[in-house]
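Data block for query21.txt (compact mmCIF, C-alpha atoms):
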```
# COMPACT_ATOMS: atom_id res chain seq x y z
CA MET A 27 36.36 -23.50 15.41
CA SER A 28 40.05 -23.43 14.48
CA GLN A 29 42.53 -26.08 15.46
CA GLN A 30 44.85 -23.32 16.67
CA ARG A 31 42.39 -22.38 19.38
CA LYS A 32 42.21 -25.88 20.70
CA GLU A 33 46.01 -26.19 20.76
CA LYS A 34 46.04 -23.56 23.52
CA ASN A 35 44.34 -26.13 25.75
CA TRP A 36 47.43 -27.37 27.58
CA PHE A 37 47.15 -29.87 30.34
CA ALA A 38 45.05 -33.01 29.89
CA ARG A 39 46.95 -36.28 29.87
CA HIS A 40 50.18 -34.61 31.00
CA LYS A 41 51.14 -34.47 34.65
CA VAL A 42 52.03 -31.04 35.97
CA LEU A 43 54.54 -31.19 38.80
CA THR A 44 53.84 -28.66 41.54
CA GLY A 45 55.62 -27.54 44.68
CA ALA A 46 58.83 -25.68 45.47
CA GLY A 47 61.55 -26.29 42.94
CA ALA A 48 59.41 -28.58 40.83
CA LEU A 49 59.74 -28.61 37.07
CA ILE A 50 56.50 -27.71 35.33
CA THR A 51 56.04 -29.45 32.00
CA VAL A 52 53.59 -27.87 29.59
CA ILE A 53 52.76 -29.70 26.37
CA ALA A 54 50.53 -28.17 23.71
CA LEU A 55 48.00 -30.54 22.22
CA GLY A 56 47.54 -30.47 18.46
CA SER A 57 45.26 -33.48 17.99
CA ALA A 58 42.05 -32.23 19.59
CA LEU A 59 40.12 -32.00 16.36
CA SER A 60 41.05 -35.54 15.33
CA GLY A 61 40.07 -37.07 18.69
CA GLY A 62 43.57 -37.28 20.14
CA GLY A 63 44.77 -36.77 23.73
CA SER A 64 42.36 -35.11 26.15
CA GLY A 65 40.47 -32.33 29.14
CA GLY A 66 40.40 -31.36 30.97
CA SER A 67 38.05 -30.08 32.67
CA GLY A 68 39.96 -32.44 30.44
CA GLY A 69 42.00 -30.61 31.45
CA ASP A 70 43.36 -26.73 31.04
CA LYS A 71 43.71 -29.11 29.08
CA GLY A 72 41.17 -30.33 26.75
CA ASN A 73 39.99 -32.72 24.16
CA GLY A 74 37.99 -32.39 21.03
CA THR A 75 36.50 -35.86 20.84
CA ASP A 76 38.70 -37.34 23.50
CA THR A 77 39.77 -40.94 23.03
CA ALA A 78 39.51 -41.82 26.70
CA ALA A 79 36.21 -40.01 27.11
CA SER A 80 34.79 -41.75 24.05
CA SER A 81 35.89 -45.16 25.31
CA ALA A 82 34.38 -44.39 28.70
CA ASP A 83 31.08 -43.72 26.97
CA GLY A 84 31.50 -46.84 24.90
CA GLY A 85 28.63 -45.79 22.65
CA SER A 86 26.19 -47.61 24.89
CA GLY A 87 24.60 -44.61 26.59
CA LYS A 88 25.21 -46.15 30.02
CA HIS A 89 27.97 -43.71 30.87
CA ARG A 90 25.75 -40.79 29.88
CA LYS A 91 22.97 -41.85 32.23
CA GLU A 92 25.41 -42.17 35.13
CA THR A 93 26.77 -38.70 34.42
CA GLU A 94 23.29 -37.20 34.48
CA LYS A 95 22.58 -38.80 37.85
CA THR A 96 25.79 -37.47 39.39
CA GLU A 97 25.51 -33.90 38.17
CA PRO A 98 23.54 -31.34 40.20
CA LYS A 99 20.14 -30.14 39.04
CA LYS A 100 20.25 -27.20 36.67
CA THR A 101 18.97 -23.79 37.70
CA LYS A 102 18.13 -20.65 35.75
CA THR A 103 20.12 -20.13 32.55
CA ALA A 104 22.59 -17.22 32.61
CA PHE A 105 23.56 -17.42 28.93
CA SER A 106 23.46 -19.78 25.97
CA GLY A 107 25.98 -22.52 25.32
CA ASP A 108 26.71 -21.07 21.88
CA GLY A 109 28.04 -17.59 21.30
CA THR A 110 30.79 -15.03 21.83
CA LEU A 111 30.16 -12.60 24.68
CA GLN A 112 31.75 -9.33 25.70
CA VAL A 113 32.62 -9.37 29.39
CA GLY A 114 30.94 -6.56 31.30
CA THR A 115 28.36 -6.00 28.56
CA ASP A 116 26.97 -9.39 27.54
CA VAL A 117 28.11 -11.37 30.58
CA ARG A 118 29.04 -10.34 34.09
CA PRO A 119 32.25 -11.50 35.78
CA GLY A 120 31.62 -14.47 38.03
CA THR A 121 31.61 -18.26 38.14
CA TYR A 122 29.42 -20.27 35.79
CA ARG A 123 28.62 -23.93 35.22
CA THR A 124 27.50 -26.05 32.29
CA THR A 125 26.26 -29.62 32.82
CA GLY A 126 25.00 -32.57 30.78
CA ASN A 127 27.50 -32.32 27.93
CA THR A 128 27.66 -35.82 26.47
CA ASN A 129 29.38 -35.65 23.09
CA GLY A 130 32.75 -34.13 24.02
CA MET A 131 32.21 -31.17 21.69
CA CYS A 132 31.55 -28.46 24.28
CA TYR A 133 34.34 -25.88 24.00
CA TRP A 134 34.76 -22.66 25.95
CA GLU A 135 37.39 -19.95 25.94
CA ARG A 136 38.38 -16.93 28.02
CA ALA A 137 40.24 -14.30 25.99
CA LYS A 138 42.04 -11.03 26.66
CA ASN A 139 40.87 -9.47 23.38
CA SER A 140 38.70 -10.16 20.33
CA SER A 141 41.53 -10.68 17.83
CA GLY A 142 40.81 -14.40 17.52
CA GLN A 143 44.53 -15.17 17.70
CA PRO A 144 45.84 -18.10 19.80
CA ASP A 145 47.91 -15.77 22.00
CA ALA A 146 44.73 -13.95 23.02
CA ILE A 147 43.47 -17.04 24.86
CA LEU A 148 43.73 -16.87 28.64
CA ALA A 149 42.25 -20.33 29.28
CA ASN A 150 40.06 -22.85 27.49
CA ASP A 151 38.70 -26.36 27.76
CA ASN A 152 36.82 -29.10 25.93
CA VAL A 153 34.14 -30.54 28.18
CA THR A 154 32.45 -33.86 28.72
CA GLY A 155 29.93 -33.85 31.55
CA SER A 156 30.16 -30.69 33.63
CA SER A 157 32.51 -27.73 33.79
CA TYR A 158 32.92 -24.61 35.87
CA VAL A 159 34.70 -21.46 34.75
CA THR A 160 35.36 -18.17 36.48
CA ILE A 161 35.23 -15.15 34.20
CA LYS A 162 37.33 -12.30 35.60
CA ALA A 163 36.51 -8.62 35.32
CA SER A 164 39.77 -8.15 33.40
CA ASP A 165 38.71 -10.70 30.73
CA LYS A 166 37.40 -9.18 27.52
CA ILE A 167 35.74 -12.07 25.68
CA PHE A 168 34.09 -15.36 26.62
CA THR A 169 33.27 -17.88 23.87
CA SER A 170 31.18 -21.02 24.22
CA GLN A 171 30.52 -23.48 21.40
CA GLY A 172 28.50 -26.69 21.46
CA CYS A 173 27.85 -26.52 25.21
CA GLU A 174 24.71 -26.88 27.24
CA ASP A 175 23.46 -23.55 28.63
CA TRP A 176 25.49 -21.91 31.38
CA GLU A 177 24.15 -21.00 34.83
CA ALA A 178 25.60 -18.72 37.47
CA VAL A 179 26.75 -20.31 40.72
CA PRO A 180 27.27 -18.64 44.12
CA ALA A 181 30.73 -17.64 45.25
CA THR A 182 30.50 -19.94 48.29
CA ALA A 183 30.06 -23.66 47.70
CA SER A 184 26.93 -25.11 49.27
CA GLY A 185 24.62 -28.05 48.80
CA THR A 186 24.48 -31.74 49.62
CA PRO A 187 27.79 -33.11 48.40
CA LYS A 188 27.96 -36.71 47.18
CA THR A 189 30.57 -39.35 47.98
CA GLU A 190 30.75 -40.86 44.51
CA MET A 191 31.55 -39.50 41.06
CA ALA A 192 30.17 -41.37 38.07
CA GLY A 193 31.26 -39.86 34.78
CA ASP A 194 33.73 -37.36 33.40
CA GLY A 195 33.49 -33.77 34.49
CA MET A 196 34.47 -31.07 36.95
CA TYR A 197 33.03 -31.28 40.46
CA ARG A 198 32.89 -28.50 43.04
CA VAL A 199 34.18 -29.52 46.46
CA GLY A 200 31.61 -28.89 49.18
CA ALA A 201 28.75 -28.62 46.68
CA ASP A 202 28.96 -31.56 44.27
CA ILE A 203 31.35 -33.81 46.19
CA ALA A 204 32.55 -34.09 49.77
CA PRO A 205 36.25 -33.80 50.61
CA GLY A 206 38.03 -37.04 51.51
CA THR A 207 39.95 -39.91 49.94
CA TYR A 208 38.52 -41.38 46.73
CA LYS A 209 39.41 -44.51 44.79
CA SER A 210 38.83 -45.43 41.14
CA THR A 211 39.43 -49.07 40.21
CA GLY A 212 39.66 -51.02 36.98
CA ASN A 213 41.27 -48.35 34.83
CA GLY A 214 43.21 -49.58 31.79
CA SER A 215 46.97 -49.89 31.50
CA ASP A 216 47.43 -46.93 29.14
CA ASN A 217 47.38 -44.06 31.68
CA GLY A 218 44.04 -43.05 30.19
CA CYS A 219 42.58 -41.97 33.55
CA TYR A 220 43.35 -38.31 34.25
CA TRP A 221 42.47 -36.47 37.47
CA GLU A 222 43.15 -32.97 38.72
CA ARG A 223 42.72 -31.06 41.97
CA THR A 224 42.40 -27.29 41.53
CA LYS A 225 42.08 -24.31 43.84
CA ASP A 226 39.77 -22.33 41.53
CA ALA A 227 37.96 -22.38 38.19
CA LEU A 228 40.30 -20.10 36.27
CA HIS A 229 41.91 -23.08 34.51
CA GLY A 230 45.44 -21.67 34.53
CA ILE A 231 48.52 -23.71 35.31
CA GLU A 232 48.74 -21.89 38.64
CA SER A 233 45.25 -23.19 39.48
CA ILE A 234 46.44 -26.80 39.65
CA ILE A 235 47.16 -28.19 43.11
CA ALA A 236 47.98 -31.69 41.85
CA ASN A 237 47.16 -33.97 38.92
CA ASP A 238 48.06 -37.36 37.50
CA ASN A 239 47.55 -39.88 34.71
CA ALA A 240 46.65 -43.24 36.23
CA SER A 241 46.46 -46.88 35.23
CA GLY A 242 44.72 -49.60 37.23
CA ASN A 243 43.75 -48.24 40.62
CA ALA A 244 43.79 -44.50 41.25
CA ILE A 245 43.61 -42.95 44.72
CA VAL A 246 43.43 -39.25 45.55
CA THR A 247 42.70 -37.24 48.67
CA ILE A 248 40.59 -34.16 47.97
CA GLY A 249 41.14 -31.51 50.63
CA ALA A 250 38.42 -29.46 52.26
CA GLN A 251 40.17 -26.33 50.97
CA ASP A 252 40.29 -27.58 47.39
CA GLY A 253 38.03 -25.75 44.99
CA TYR A 254 37.31 -28.38 42.34
CA PHE A 255 38.13 -31.90 41.18
CA LYS A 256 38.30 -32.82 37.49
CA THR A 257 38.22 -36.38 36.15
CA ASN A 258 38.45 -37.68 32.59
CA GLY A 259 38.56 -41.24 31.30
CA CYS A 260 38.46 -42.79 34.78
CA GLU A 261 36.17 -45.42 36.21
CA ASN A 262 33.75 -44.29 38.94
CA TRP A 263 35.28 -42.68 42.00
CA LYS A 264 34.06 -43.76 45.46
CA LYS A 265 34.93 -42.17 48.79
CA THR A 266 36.89 -44.57 51.00
CA GLY A 267 37.92 -42.30 53.83
```
Would you kindly transcribe this structure into C-alpha cells?
Amino acid sequence: MSQQRKEKNWFARHKVLTGAGALITVIALGSALSGGGSGGSGGDKGNGTDTAASSADGGSGKHRKETEKTEPKKTKTAFSGDGTLQVGTDVRPGTYRTTGNTNGMCYWERAKNSSGQPDAILANDNVTGSSYVTIKASDKIFTSQGCEDWEAVPATASGTPKTEMAGDGMYRVGADIAPGTYKSTGNGSDNGCYWERTKDALHGIESIIANDNASGNAIVTIGAQDGYFKTNGCENWKKTG
C-alpha cells in the first residue's frame, strides 16, 4: 500500500468547523505509515498505526477485549477484508461493516477509477475496531486491505443500542448506540481523544456534523438523527443523559 494513498485520509486529529460561514480546515496526513497522527473512522481521516490508538491498546490486550464486547455480533460475510473490487460487478452498492480490527492496519478506499492515483480516491480510512462505509452506485472501485471480512447492513438502523462505548471504532446510532449525551473521562492532556458525529457513512467532509480533539473530560450529545459516531484514542464513553 502506498503512502500516497494514505495521505488522502484527511480528518483525524484535526477539528473541522461546520456551520454557516465557518472556515473548514483540511490537513493532509503524511505520517500514517510511520504511526503518526490518526482515524478516523480515525477519521476521513485515518491512521496507519495510530499513536493514540496504540496507546489506548497499551499492548496489554485489555482494550481489545473491551472492543469485542462492545461491537455487535457479526453476520454473514459479504466480501473479504482483502482485495480490490469493481462496484456493480464484484460488490453491490450499499452500506457495509467490518468489526474486530485490533491492529490498526485495516485500510479501505472508495475510488472513482482504477488508476491507482491519489486523486482517484473519493474517501478512505484506517480502522481500529469497527467501521461502516457506504459504497455508492457511482463509485467504480472499492479496496480493502488488512481488514476483517465485511458484512452488509440494512439501510435502516435497528437493534438493541448500548449506552456505553468501550474501544475505538465507528458506531451506528440507533443500532450500536443510543442517542443522548455521553462523557469520556481521564483522557490525556495532548488532545489525543478524537470524536466525530456524522450524518452518513460516505466519509466525506460534508458528512461531518461535528468533531473535536479533546483532553481530560470529553462530552458530546449524539442526536437521534445522527447516522454514526466515531471515536479514536478516547477513554470509554458512558451515557449520562
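Using all atoms listed in the file, the nearest neighbour of Ile245 (chain A) within the list A:Arg118, A:Lys209, A:Arg223, A:Lys265 is A:Lys209.
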| said: I want to know what sits within 6 Å of Ser241 (chain A), based on all atoms listed in the file, with residues of the same chain fewer than 2 positions away left out; could you give that as a list in words? | reply: Asn213, Gly214, Ser215 and Asn217 of chain A
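Take CA of Asn237 (chain A) and CA of Ser210 (chain A): the distance between them is 14.3 Å.
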| task | For CA of Ala192 (chain A) and CA of Gly107 (chain A), determine how far apart the two atoms are, in Å to one decimal place. | result |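 Answer for the CA of Ala192 (chain A) to CA of Gly107 (chain A) separation: 23.1 Å.
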| message | From the options A:Ile248, A:Val117, A:Ile231, A:Ile167, which residue's atoms come nearest to Arg198 (chain A), counting only C-alpha atoms? | response | A:Ile248
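Distance-wise, CA of Thr124 (chain A) and CA of Gly267 (chain A) end up 28.9 Å apart.
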| field | Top pick for closest residue to Val246 (chain A), considering A:Asn258, A:Thr207, A:Ser233, A:Thr182 and counting only C-alpha atoms | value |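 The answer is A:Thr207, which sits nearest to Val246 (chain A).
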| said: I want to know what sits within 6 Å of Cys219 (chain A), based on only C-alpha atoms, with residues of the same chain fewer than 6 positions away left out; could you give that as a list of chain:residue names? | reply: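 The contact residues come out as A:Asn239, A:Ala240, A:Gly259, A:Cys260.
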| task | Counting only C-alpha atoms, figure out which residue out of A:Ala183, A:Met191, A:Leu111, A:Val153 gets nearest to Ala137 (chain A). | result | A:Leu111
Show me the residues around (25.7, -19.3, 36.8) - criterion: an atom at most 12 Å away, all atoms listed in the file counted - as a PDB file with C-alpha atoms, in the coordinates of the input.
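Resulting contents of result.pdb:
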```
ATOM      1  CA  LYS A 100      20.250 -27.200  36.670  1.00  0.00           C
ATOM      2  CA  THR A 101      18.970 -23.790  37.700  1.00  0.00           C
ATOM      3  CA  LYS A 102      18.130 -20.650  35.750  1.00  0.00           C
ATOM      4  CA  THR A 103      20.120 -20.130  32.550  1.00  0.00           C
ATOM      5  CA  ALA A 104      22.590 -17.220  32.610  1.00  0.00           C
ATOM      6  CA  PHE A 105      23.560 -17.420  28.930  1.00  0.00           C
ATOM      7  CA  SER A 106      23.460 -19.780  25.970  1.00  0.00           C
ATOM      8  CA  GLY A 107      25.980 -22.520  25.320  1.00  0.00           C
ATOM      9  CA  VAL A 117      28.110 -11.370  30.580  1.00  0.00           C
ATOM     10  CA  ARG A 118      29.040 -10.340  34.090  1.00  0.00           C
ATOM     11  CA  PRO A 119      32.250 -11.500  35.780  1.00  0.00           C
ATOM     12  CA  GLY A 120      31.620 -14.470  38.030  1.00  0.00           C
ATOM     13  CA  THR A 121      31.610 -18.260  38.140  1.00  0.00           C
ATOM     14  CA  TYR A 122      29.420 -20.270  35.790  1.00  0.00           C
ATOM     15  CA  ARG A 123      28.620 -23.930  35.220  1.00  0.00           C
ATOM     16  CA  THR A 124      27.500 -26.050  32.290  1.00  0.00           C
ATOM     17  CA  THR A 125      26.260 -29.620  32.820  1.00  0.00           C
ATOM     18  CA  SER A 157      32.510 -27.730  33.790  1.00  0.00           C
ATOM     19  CA  TYR A 158      32.920 -24.610  35.870  1.00  0.00           C
ATOM     20  CA  VAL A 159      34.700 -21.460  34.750  1.00  0.00           C
ATOM     21  CA  THR A 160      35.360 -18.170  36.480  1.00  0.00           C
ATOM     22  CA  ILE A 161      35.230 -15.150  34.200  1.00  0.00           C
ATOM     23  CA  ASP A 175      23.460 -23.550  28.630  1.00  0.00           C
ATOM     24  CA  TRP A 176      25.490 -21.910  31.380  1.00  0.00           C
ATOM     25  CA  GLU A 177      24.150 -21.000  34.830  1.00  0.00           C
ATOM     26  CA  ALA A 178      25.600 -18.720  37.470  1.00  0.00           C
ATOM     27  CA  VAL A 179      26.750 -20.310  40.720  1.00  0.00           C
ATOM     28  CA  PRO A 180      27.270 -18.640  44.120  1.00  0.00           C
ATOM     29  CA  ALA A 181      30.730 -17.640  45.250  1.00  0.00           C
TER      30      ALA A 181
END
```
| request: Take the point (35.8, -15.8, 21.5) as written in the file and pick out every residue within 7 Å of it, counting only C-alpha atoms; give the list as number ranges by chain. | output: A: 110, 135, 137, 140, 142, 167-169
